[in-house]
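Note: the block below is run16.cif and it holds mmCIF, C-alpha atoms and all ligand atoms.
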data_model
#
loop_
_atom_site.label_atom_id
_atom_site.label_comp_id
_atom_site.auth_asym_id
_atom_site.auth_seq_id
_atom_site.Cartn_x
_atom_site.Cartn_y
_atom_site.Cartn_z
CA MET A 1 156.05 113.57 69.10
CA PHE A 2 159.57 113.88 70.48
CA GLU A 3 163.03 112.67 69.60
CA TRP A 4 165.52 112.94 72.46
CA THR A 5 169.27 113.52 72.35
CA ASP A 6 169.47 110.47 74.67
CA GLY A 7 166.76 108.51 72.93
CA GLY A 8 168.56 107.02 69.97
CA PHE A 9 171.14 104.70 71.46
CA GLY A 10 168.92 101.61 71.54
CA ASP A 11 170.34 100.47 74.88
CA TRP A 12 170.62 101.36 78.61
CA ARG A 13 171.53 104.95 77.75
CA ASP A 14 168.00 105.72 76.46
CA THR A 15 166.73 107.65 79.46
CA ALA A 16 164.91 110.46 77.60
CA TYR A 17 166.00 113.07 80.13
CA GLY A 18 168.08 115.02 77.64
CA ASP A 19 166.85 117.76 75.34
CA VAL A 20 164.37 117.00 72.62
CA THR A 21 165.15 117.82 69.04
CA ARG A 22 162.91 120.71 68.15
CA ASP A 23 161.13 120.79 64.82
CA ARG A 24 158.03 122.40 63.33
CA PHE A 25 155.78 119.64 64.71
CA ASN A 26 156.73 119.92 68.39
CA CYS A 27 157.59 123.62 68.42
CA GLY A 28 156.02 125.29 71.47
CA VAL A 29 155.12 122.01 73.20
CA PRO A 30 156.69 121.33 76.63
CA GLN A 31 158.62 118.08 76.48
CA GLY A 32 158.03 114.99 78.55
CA THR A 33 155.12 113.43 80.38
CA ALA A 34 153.96 114.38 83.88
CA ASN A 35 154.05 110.80 85.13
CA ILE A 36 156.37 110.62 88.16
CA ASN A 37 154.01 111.75 90.91
CA ILE A 38 150.56 113.18 91.48
CA PHE A 39 149.80 115.12 94.66
CA PRO A 40 146.95 117.21 96.09
CA PHE A 41 147.22 121.00 96.00
CA GLY A 42 144.59 123.72 96.09
CA GLY A 43 141.71 121.32 95.45
CA ASP A 44 143.30 119.74 92.39
CA MET A 45 145.51 116.75 91.84
CA VAL A 46 148.78 117.98 90.37
CA ALA A 47 150.87 115.70 88.16
CA SER A 48 154.58 116.35 87.91
CA SER A 49 157.43 115.07 85.79
CA GLU A 50 160.23 116.79 87.73
CA GLN A 51 162.25 117.84 84.66
CA GLY A 52 160.14 117.25 81.59
CA GLY A 53 157.56 119.98 81.80
CA PRO A 54 155.32 122.08 84.02
CA PRO A 55 152.93 120.65 86.62
CA ILE A 56 149.53 119.64 85.20
CA ALA A 57 146.27 120.01 87.17
CA VAL A 58 143.87 117.06 87.03
CA HIS A 59 140.30 117.17 88.35
CA PRO A 60 140.28 114.83 91.37
CA ILE A 61 136.83 113.33 90.66
CA THR A 62 136.46 113.30 86.89
CA LEU A 63 140.22 112.93 86.19
CA GLU A 64 139.77 115.52 83.47
CA THR A 65 143.04 117.20 82.51
CA LYS A 66 142.58 120.83 83.43
CA GLY A 67 145.94 121.93 82.06
CA ILE A 68 149.18 123.53 83.18
CA VAL A 69 148.78 124.97 86.69
CA PRO A 70 148.20 128.74 86.70
CA TRP A 71 151.25 129.29 88.91
CA SER A 72 153.62 127.65 86.45
CA PRO A 73 154.81 130.95 84.87
CA LYS A 74 156.20 131.85 88.31
CA LEU A 75 158.38 128.72 88.43
CA SER A 76 161.89 128.54 87.05
CA ARG A 77 163.16 126.32 84.28
CA GLY A 78 164.76 122.96 84.83
CA MET A 79 167.43 121.69 82.46
CA HIS A 80 165.52 122.33 79.29
CA GLU A 81 164.94 125.54 77.44
CA PRO A 82 161.27 126.48 78.00
CA ALA A 83 159.25 125.62 74.91
CA ALA A 84 156.43 128.05 75.64
CA TYR A 85 155.26 130.66 78.10
CA GLY A 86 154.67 128.87 81.41
CA ASP A 87 156.91 125.91 80.56
CA ALA A 88 158.90 125.20 83.72
CA ALA A 89 160.09 122.43 86.00
CA PHE A 90 158.79 121.37 89.38
CA THR A 91 159.83 118.60 91.71
CA ALA A 92 157.96 115.31 91.81
CA HIS A 93 158.39 115.21 95.61
CA PRO A 94 157.09 118.43 97.11
CA LYS A 95 156.17 118.53 100.79
CA TRP A 96 153.26 120.50 102.16
CA ASP A 97 151.84 121.95 105.33
CA HIS A 98 148.53 120.27 106.03
CA GLU A 99 147.18 123.24 108.02
CA THR A 100 148.17 126.14 105.76
CA GLY A 101 148.17 124.34 102.40
CA THR A 102 151.61 125.77 101.56
CA LEU A 103 153.53 123.63 99.06
CA TYR A 104 157.33 123.38 99.38
CA GLY A 105 158.93 122.62 96.03
CA TRP A 106 161.92 123.38 93.82
CA SER A 107 163.46 122.84 90.43
CA TYR A 108 167.00 121.85 89.50
CA ARG A 109 169.32 121.88 86.52
CA ASP A 110 172.81 121.05 85.34
CA PHE A 111 174.06 124.64 85.42
CA ALA A 112 174.18 127.28 88.16
CA PRO A 113 172.12 128.12 90.06
CA TYR A 114 171.70 124.37 90.34
CA VAL A 115 168.59 124.51 92.51
CA THR A 116 165.78 127.05 92.87
CA MET A 117 163.35 126.75 95.78
CA HIS A 118 159.68 127.47 95.09
CA ILE A 119 157.24 127.96 97.96
CA VAL A 120 153.76 127.85 96.44
CA HIS A 121 150.90 129.36 98.46
CA PRO A 122 147.26 128.28 98.19
CA ASP A 123 146.40 131.52 96.35
CA GLY A 124 148.89 130.62 93.62
CA SER A 125 151.57 133.12 94.67
CA VAL A 126 155.12 131.76 94.64
CA ASP A 127 158.19 132.74 96.69
CA SER A 128 161.38 131.67 94.92
CA ARG A 129 165.06 131.58 95.79
CA ASP A 130 168.00 130.52 93.69
CA LEU A 131 170.57 128.60 95.74
CA HIS A 132 173.63 130.48 94.46
CA ASP A 133 175.88 128.69 96.97
CA ALA A 134 174.81 125.23 95.81
CA PRO A 135 177.97 123.12 95.61
CA TYR A 136 177.25 121.03 92.50
CA ASN A 137 174.74 119.73 89.97
CA THR A 138 172.99 117.14 92.14
CA VAL A 139 169.86 115.27 91.06
CA ALA A 140 167.62 117.07 93.57
CA HIS A 141 164.85 114.49 93.83
CA ASP A 142 163.59 114.83 97.42
CA VAL A 143 163.92 116.87 100.64
CA TRP A 144 163.03 116.69 104.31
CA LEU A 145 160.67 119.19 105.92
CA THR A 146 161.12 120.07 109.61
CA PRO A 147 159.25 122.65 111.74
CA GLU A 148 161.95 125.19 110.78
CA TRP A 149 163.64 124.09 107.58
CA ILE A 150 163.51 122.56 104.19
CA VAL A 151 166.55 120.25 104.22
CA MET A 152 167.91 119.91 100.69
CA PRO A 153 170.61 117.24 100.31
CA PHE A 154 173.37 117.60 97.73
CA GLN A 155 174.43 114.03 97.03
CA PRO A 156 177.07 112.93 94.51
CA PHE A 157 174.42 111.63 92.09
CA THR A 158 174.84 114.31 89.42
CA LEU A 159 173.45 115.15 86.00
CA ASP A 160 175.05 116.86 83.05
CA ARG A 161 173.66 116.94 79.50
CA SER A 162 177.14 117.42 78.01
CA ARG A 163 177.79 113.76 78.89
CA ILE A 164 175.16 112.80 76.30
CA THR A 165 176.57 114.89 73.52
CA GLU A 166 180.31 114.71 74.25
CA LYS A 167 180.76 111.20 75.64
CA ARG A 168 177.71 109.44 74.16
CA LEU A 169 176.58 108.35 77.63
CA ASN A 170 173.46 109.03 79.62
CA LEU A 171 173.40 112.25 81.62
CA TRP A 172 173.68 110.70 85.11
CA ASN A 173 176.90 110.16 87.00
CA TRP A 174 177.92 108.91 90.45
CA GLN A 175 180.83 111.01 91.66
CA GLU A 176 181.84 109.43 94.96
CA GLU A 177 184.56 112.01 95.50
CA LEU A 178 182.02 114.79 96.04
CA PRO A 179 180.95 115.43 99.67
CA ILE A 180 177.34 115.17 100.84
CA VAL A 181 176.25 118.73 101.66
CA LEU A 182 172.99 119.71 103.34
CA ALA A 183 171.24 123.05 102.87
CA LEU A 184 168.96 124.02 105.78
CA ILE A 185 166.63 126.59 104.22
CA PRO A 186 164.28 128.51 106.56
CA ARG A 187 160.84 127.33 105.43
CA ASP A 188 158.94 130.42 106.60
CA ASP A 189 161.51 132.85 105.21
CA VAL A 190 162.89 131.41 102.01
CA HIS A 191 165.09 134.50 101.59
CA GLY A 192 166.56 134.09 105.08
CA GLU A 193 169.97 132.76 105.99
CA ILE A 194 170.68 129.24 104.74
CA ARG A 195 172.79 127.02 106.93
CA TRP A 196 175.13 124.87 104.84
CA ILE A 197 176.41 121.69 106.48
CA ASN A 198 179.40 120.04 104.79
CA THR A 199 179.31 116.48 106.02
CA ASP A 200 181.90 113.73 105.99
CA LEU A 201 179.19 111.12 105.41
CA PRO A 202 180.37 108.22 103.24
CA PRO A 203 179.19 108.16 99.61
CA GLN A 204 175.58 107.03 100.00
CA TYR A 205 172.34 107.87 98.31
CA ILE A 206 168.92 108.63 99.72
CA MET A 207 166.57 108.73 96.75
CA HIS A 208 163.38 109.18 98.80
CA THR A 209 163.12 110.70 102.25
CA MET A 210 160.81 109.23 104.88
CA SER A 211 160.59 112.16 107.29
CA ALA A 212 162.61 114.01 109.94
CA ASN A 213 162.58 114.54 113.70
CA VAL A 214 164.33 117.27 115.66
CA GLU A 215 165.21 116.51 119.29
CA GLY A 216 167.19 119.25 121.04
CA ASP A 217 170.33 119.77 118.96
CA LYS A 218 169.84 116.56 117.00
CA LEU A 219 168.37 116.59 113.52
CA MET A 220 167.40 113.09 112.41
CA LEU A 221 166.92 112.62 108.67
CA ASP A 222 165.34 109.26 107.89
CA GLY A 223 165.03 107.33 104.65
CA PRO A 224 166.13 104.20 102.84
CA ILE A 225 169.89 104.57 102.20
CA PHE A 226 171.30 103.12 98.99
CA ASN A 227 174.87 101.95 98.59
CA ARG A 228 174.69 103.81 95.25
CA PRO A 229 171.87 105.23 93.09
CA PRO A 230 169.70 102.57 91.40
CA PHE A 231 170.34 104.19 88.04
CA PRO A 232 172.64 102.92 85.28
CA PHE A 233 176.13 104.39 84.96
CA GLU A 234 178.94 103.91 82.48
CA GLN A 235 180.89 101.79 84.98
CA ASP A 236 178.03 99.25 84.98
CA PHE A 237 177.23 98.88 81.32
CA ALA A 238 178.72 98.92 77.86
CA ALA A 239 177.20 100.19 74.63
CA GLY A 240 174.54 97.75 73.47
CA ASP A 241 173.66 96.45 76.96
CA ASP A 242 169.97 96.22 77.73
CA ILE A 243 168.09 98.70 79.93
CA ALA A 244 168.41 97.74 83.62
CA LEU A 245 165.30 97.16 85.70
CA PHE A 246 164.84 99.58 88.57
CA PHE A 247 166.14 98.19 91.91
CA SER A 248 168.14 95.51 90.04
CA ILE A 249 171.50 97.27 90.37
CA ALA A 250 171.45 98.70 93.91
CA LYS A 251 169.79 98.06 97.25
CA SER A 252 168.71 100.27 100.13
CA HIS A 253 168.04 99.76 103.83
CA LEU A 254 166.15 102.01 106.21
CA GLY A 255 168.68 104.41 107.69
CA ARG A 256 169.18 107.69 109.48
CA TRP A 257 171.53 110.61 109.07
CA THR A 258 171.86 112.36 112.42
CA ILE A 259 173.19 115.92 112.38
CA ASP A 260 174.50 117.63 115.51
CA LEU A 261 173.15 121.14 115.02
CA LYS A 262 175.74 122.59 117.42
CA THR A 263 178.84 121.20 115.75
CA GLY A 264 177.57 120.25 112.28
CA ALA A 265 178.87 116.70 112.79
CA ALA A 266 176.97 114.06 110.83
CA LYS A 267 176.68 110.31 111.26
CA SER A 268 174.94 107.61 109.26
CA GLU A 269 173.21 104.55 110.71
CA GLN A 270 171.57 101.54 109.13
CA LEU A 271 168.36 100.83 111.05
CA SER A 272 167.30 97.52 109.49
CA ASP A 273 168.79 94.52 107.69
CA ARG A 274 165.78 94.27 105.38
CA PRO A 275 166.06 95.89 101.93
CA SER A 276 163.32 98.51 101.55
CA GLU A 277 162.34 101.60 99.59
CA LEU A 278 159.38 103.79 98.58
CA PRO A 279 158.96 105.35 102.05
CA LYS A 280 155.69 107.06 102.93
CA VAL A 281 154.25 108.74 106.02
CA ASP A 282 151.03 110.25 107.32
CA GLU A 283 151.28 113.41 105.25
CA ARG A 284 149.07 115.44 107.60
CA PHE A 285 152.22 115.55 109.75
CA TYR A 286 154.74 116.64 107.11
CA GLY A 287 157.21 118.98 108.79
CA ARG A 288 155.96 118.32 112.32
CA GLY A 289 157.98 115.32 113.41
CA TYR A 290 156.62 111.78 113.13
CA THR A 291 156.55 108.26 114.48
CA TRP A 292 155.15 106.00 111.74
CA GLY A 293 156.89 105.09 108.49
CA TYR A 294 155.61 102.83 105.69
CA GLN A 295 157.74 101.12 103.08
CA VAL A 296 157.84 98.34 100.55
CA GLY A 297 160.24 95.67 101.79
CA GLY A 298 162.03 92.84 100.08
CA VAL A 299 164.99 90.54 99.89
CA VAL A 300 168.48 90.87 98.41
CA LYS A 301 168.62 89.72 94.82
CA ARG A 302 172.09 89.74 93.22
CA ASN A 303 173.29 93.40 93.35
CA GLY A 304 169.79 94.71 93.91
CA MET A 305 166.60 93.79 95.70
CA SER A 306 163.30 92.07 95.00
CA MET A 307 160.24 93.62 96.67
CA ASN A 308 157.58 91.43 98.25
CA SER A 309 156.06 93.02 101.36
CA LEU A 310 154.59 95.96 103.24
CA VAL A 311 156.61 97.21 106.23
CA VAL A 312 155.39 99.53 108.99
CA THR A 313 158.06 100.93 111.32
CA ASN A 314 157.75 102.86 114.56
CA MET A 315 160.61 105.30 113.95
CA ARG A 316 160.92 106.15 117.67
CA THR A 317 161.37 102.56 118.88
CA LEU A 318 162.36 100.97 115.53
CA SER A 319 159.95 98.08 116.14
CA ASP A 320 158.21 97.01 112.96
CA GLN A 321 155.46 94.88 111.42
CA THR A 322 155.52 93.27 107.99
CA TYR A 323 153.09 91.50 105.73
CA GLN A 324 154.37 89.45 102.82
CA ILE A 325 152.20 90.18 99.80
CA ARG A 326 154.08 88.20 97.17
CA THR A 327 155.25 84.62 97.58
CA ASP A 328 155.71 82.60 94.41
CA GLN A 329 153.54 84.44 91.87
CA PRO A 330 155.19 87.21 89.86
CA ALA A 331 154.04 90.60 91.12
CA ALA A 332 155.24 94.15 91.52
CA ILE A 333 154.55 95.56 94.99
CA LEU A 334 154.30 99.29 94.40
CA GLU A 335 154.38 102.39 96.55
CA ALA A 336 151.90 102.39 99.43
CA THR A 337 149.78 105.37 100.45
CA PHE A 338 148.50 106.20 103.91
CA ALA A 339 144.91 107.38 104.39
CA PRO A 340 143.81 108.63 107.84
CA ARG A 341 140.90 106.82 109.54
CA SER A 342 139.19 110.18 110.09
CA PRO A 343 140.31 113.78 109.52
CA ASP A 344 141.30 114.10 113.18
CA SER A 345 142.69 110.63 113.88
CA PRO A 346 146.14 110.49 115.51
CA GLU A 347 149.26 110.26 113.34
CA GLY A 348 149.49 106.89 111.64
CA ASP A 349 145.97 105.75 112.56
CA GLY A 350 144.17 104.68 109.42
CA TYR A 351 144.70 102.61 106.32
CA ILE A 352 147.54 101.75 104.00
CA ILE A 353 146.70 101.26 100.34
CA VAL A 354 149.16 99.13 98.38
CA PRO A 355 148.99 98.83 94.59
CA VAL A 356 149.99 95.35 93.45
CA SER A 357 150.56 94.48 89.80
CA TRP A 358 150.00 90.74 89.20
CA TRP A 359 151.59 91.24 85.84
CA GLY A 360 151.84 87.51 85.09
CA ASP A 361 148.01 87.40 85.12
CA LYS A 362 147.64 90.79 83.43
CA ARG A 363 145.66 92.21 86.36
CA GLY A 364 146.12 94.66 89.19
CA GLU A 365 144.86 95.09 92.70
CA PHE A 366 144.75 97.55 95.56
CA GLN A 367 145.26 95.86 98.92
CA ILE A 368 144.07 97.92 101.87
CA PHE A 369 145.51 97.33 105.35
CA ASP A 370 144.38 98.62 108.74
CA THR A 371 147.32 100.25 110.55
CA TYR A 372 146.02 98.69 113.79
CA ASP A 373 147.64 95.40 112.72
CA ILE A 374 148.92 94.85 109.19
CA THR A 375 150.07 91.30 109.97
CA LYS A 376 146.44 90.13 109.67
CA GLY A 377 146.61 90.89 105.95
CA PRO A 378 144.49 93.20 103.84
CA ILE A 379 141.02 94.08 105.16
CA CYS A 380 139.90 94.87 101.61
CA ARG A 381 141.01 94.12 98.08
CA ILE A 382 140.00 96.08 95.00
CA ASP A 383 140.46 94.06 91.83
CA LEU A 384 141.55 95.89 88.71
CA PRO A 385 140.71 93.54 85.84
CA PHE A 386 143.46 94.81 83.57
CA PHE A 387 147.22 94.90 83.35
CA MET A 388 148.59 97.46 85.79
CA GLY A 389 151.98 98.90 84.99
CA TRP A 390 154.57 100.55 87.22
CA THR A 391 153.08 103.28 89.41
CA PRO A 392 156.02 105.30 90.73
CA HIS A 393 154.35 107.58 93.29
CA GLY A 394 150.98 108.82 94.45
CA HIS A 395 149.12 110.35 97.37
CA TRP A 396 145.81 110.13 99.18
CA MET A 397 143.56 113.13 98.69
CA ASP A 398 140.82 113.78 101.21
CA PHE A 399 137.61 115.76 100.78
CA ARG A 400 135.79 117.56 103.56
FE FE B 501 160.72 109.49 93.32
#
Hey, can you dump this file as structure tokens for me?
Amino acid sequence: MFEWTDGGFGDWRDTAYGDVTRDRFNCGVPQGTANINIFPFGGDMVASSEQGGPPIAVHPITLETKGIVPWSPKLSRGMHEPAAYGDAAFTAHPKWDHETGTLYGWSYRDFAPYVTMHIVHPDGSVDSRDLHDAPYNTVAHDVWLTPEWIVMPFQPFTLDRSRITEKRLNLWNWQEELPIVLALIPRDDVHGEIRWINTDLPPQYIMHTMSANVEGDKLMLDGPIFNRPPFPFEQDFAAGDDIALFFSIAKSHLGRWTIDLKTGAAKSEQLSDRPSELPKVDERFYGRGYTWGYQVGGVVKRNGMSMNSLVVTNMRTLSDQTYQIRTDQPAAILEATFAPRSPDSPEGDGYIIVPVSWWGDKRGEFQIFDTYDITKGPICRIDLPFFMGWTPHGHWMDFR
């Protein structure tokens, strides 16, 4: 249906994040596919594409597509000109408050205001705020939620559609000279005073946050820290080079940015020698502090990493457990999801569901681990007798 401005190169530049060419056949149709994440909200599963189009509600039992969420007209646009009433952008990595059902999201674009926060309430009302002081056009992929703030990082991974049209490159860039800046946005008063922290952190990239803890004046922001974004840039490739596999051009290790809330000083620590990514937590505790973090772990492979295991880390003590899922057979170990043992079980007490694509055998599997001891291996396997592709993100949805 669509032809993209960055879809006709025939090489690594074909990211399909640019504008689509509009014609009489796709006129009025939001561009893109809501295939980056699916998360529970208001009794539905909501699929999001981050930039490509508005969030789509899916019935959680029948998987019927219900359509664009009714609160979409209250969201702001991303990079692309809205194609229809209600066409908008919404992050693929919202956070939520388990008790109130409030959803903390945003949209971003390559022109000012670069980021707009959207707090979506269970009744479908939306509180929005443009970040007029945003320093630059960051790829705003994820945030941390604390008891007080939404912490939005501005990292030097930027996007700019003029790169596609003027330089014949893809829209992403890695501008190491830009500082990492954190916006601390009051989560219960989105129009309140934002605290901006200009850090002197080295050029690093956290694509996905794990979670955050606040202890006294210390704000600890956890997540796998990349040496650079795992996305292709002009310094890596020439015209005609093939598309790079994700995680093949950069690696990340579990790390922590600690912010001194008195002085604004920031420091970065690497917490593990093991390459890891796709961090998840017990989402009932989003924004409340946490102990348990789940990741997919792996080994260094050339400039990137090769994933093979499930890793559970106690983020207070930094002790961890691993289980190696892949040995010699080709497989993709995909993002895990935590499911609580019971609605009231303590944080991190339950099950971890890991999708595994045994793509060499054209089959898939869910491996389910008990958090009591993952080193014993999966307590249950669900065979999927068909080829399972890449599943970027997902969440457990509970029914009461
Ligand atoms: Fe993501």
Local residues around (143.3, 120.9, 89.0), at most 10 Å away, using all atoms listed in the file, as a CSV table (one decimal) with C-alpha atoms, in the coordinates of the input:
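So result30.csv came out as:
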chain,number,residue,atom,x,y,z
A,40,PRO,CA,147.0,117.2,96.1
A,41,PHE,CA,147.2,121.0,96.0
A,42,GLY,CA,144.6,123.7,96.1
A,43,GLY,CA,141.7,121.3,95.4
A,44,ASP,CA,143.3,119.7,92.4
A,45,MET,CA,145.5,116.8,91.8
A,46,VAL,CA,148.8,118.0,90.4
A,47,ALA,CA,150.9,115.7,88.2
A,55,PRO,CA,152.9,120.6,86.6
A,56,ILE,CA,149.5,119.6,85.2
A,57,ALA,CA,146.3,120.0,87.2
A,58,VAL,CA,143.9,117.1,87.0
A,59,HIS,CA,140.3,117.2,88.4
A,60,PRO,CA,140.3,114.8,91.4
A,63,LEU,CA,140.2,112.9,86.2
A,64,GLU,CA,139.8,115.5,83.5
A,65,THR,CA,143.0,117.2,82.5
A,66,LYS,CA,142.6,120.8,83.4
A,67,GLY,CA,145.9,121.9,82.1
A,68,ILE,CA,149.2,123.5,83.2
A,69,VAL,CA,148.8,125.0,86.7
A,70,PRO,CA,148.2,128.7,86.7
**Q.** Atomic separation - atom CA of A:Leu169 relative to atom CA of A:Phe9, Å
**A.** 9.0 Å
Q.
How would you report the residues lying within 8 Å of ligand FE 501 (chain B), as JSON, numbers by chain, if you count only C-alpha atoms and all ligand atoms?
A. {"A": [36, 37, 92, 93, 141, 142, 207, 208, 278, 392, 393]}
Q) How many Å separate atom CA of A:Gly364 from atom CA of A:Gln329? A)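 Separation of atom CA of A:Gly364 and atom CA of A:Gln329: 12.9 Å.
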Where's the centre, and what are the edge lengths in Å to one decimal, of a box along x, y and z enclosing all listed atoms of stretch 334-345 of chain A padded 3 Å per side, as AutoDock Vina command-line options?
--center_x 146.8 --center_y 106.7 --center_z 104.1 --size_x 21.2 --size_y 20.8 --size_z 25.5
Q: Tell me which protein, DNA and RNA residues are within 10 Å of A:Asp160, counting all atoms listed in the file, leaving out same-chain ones fewer than 5 positions away, and put them as a ChimeraX atom specification.
A: /A:18,79,109-111,137-139,165,170-173
Q: Using only C-alpha atoms, pick whichever of A:Val354, A:Val115, A:Leu254, A:Ile368 has the shortest atom-to-atom distance to A:Cys380.
A: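 Among the listed residues, the smallest separation from A:Cys380 belongs to A:Ile368.
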Q. How many Å lie between atom CA of A:Gly377 and atom CA of A:Asp282, rounded to one decimal?
A. 19.9 Å
Report as a tab-separated table: every residue of stretch 262-331 of chain A with an atom at most 10 Å from stretch 346-350 of chain A, its closest pair of atoms, and their distance in Å to one decimal, counting all atoms listed in the file, with rows sorted by chain and ascending residue number.
residue	atom	partner	partner_atom	distance
A:Val281	CA	A:Gly348	CA	7.6
A:Asp282	CA	A:Gly348	CA	5.7
A:Glu283	CA	A:Glu347	CA	8.9
A:Arg284	CA	A:Glu347	CA	7.7
A:Phe285	CA	A:Glu347	CA	7.0
A:Tyr290	CA	A:Glu347	CA	7.5
A:Thr291	CA	A:Glu347	CA	7.6
A:Trp292	CA	A:Gly348	CA	5.7
A:Gly293	CA	A:Gly348	CA	8.2
A:Tyr294	CA	A:Gly348	CA	9.5
A:Val312	CA	A:Gly348	CA	9.8
A:Asn314	CA	A:Gly348	CA	9.6
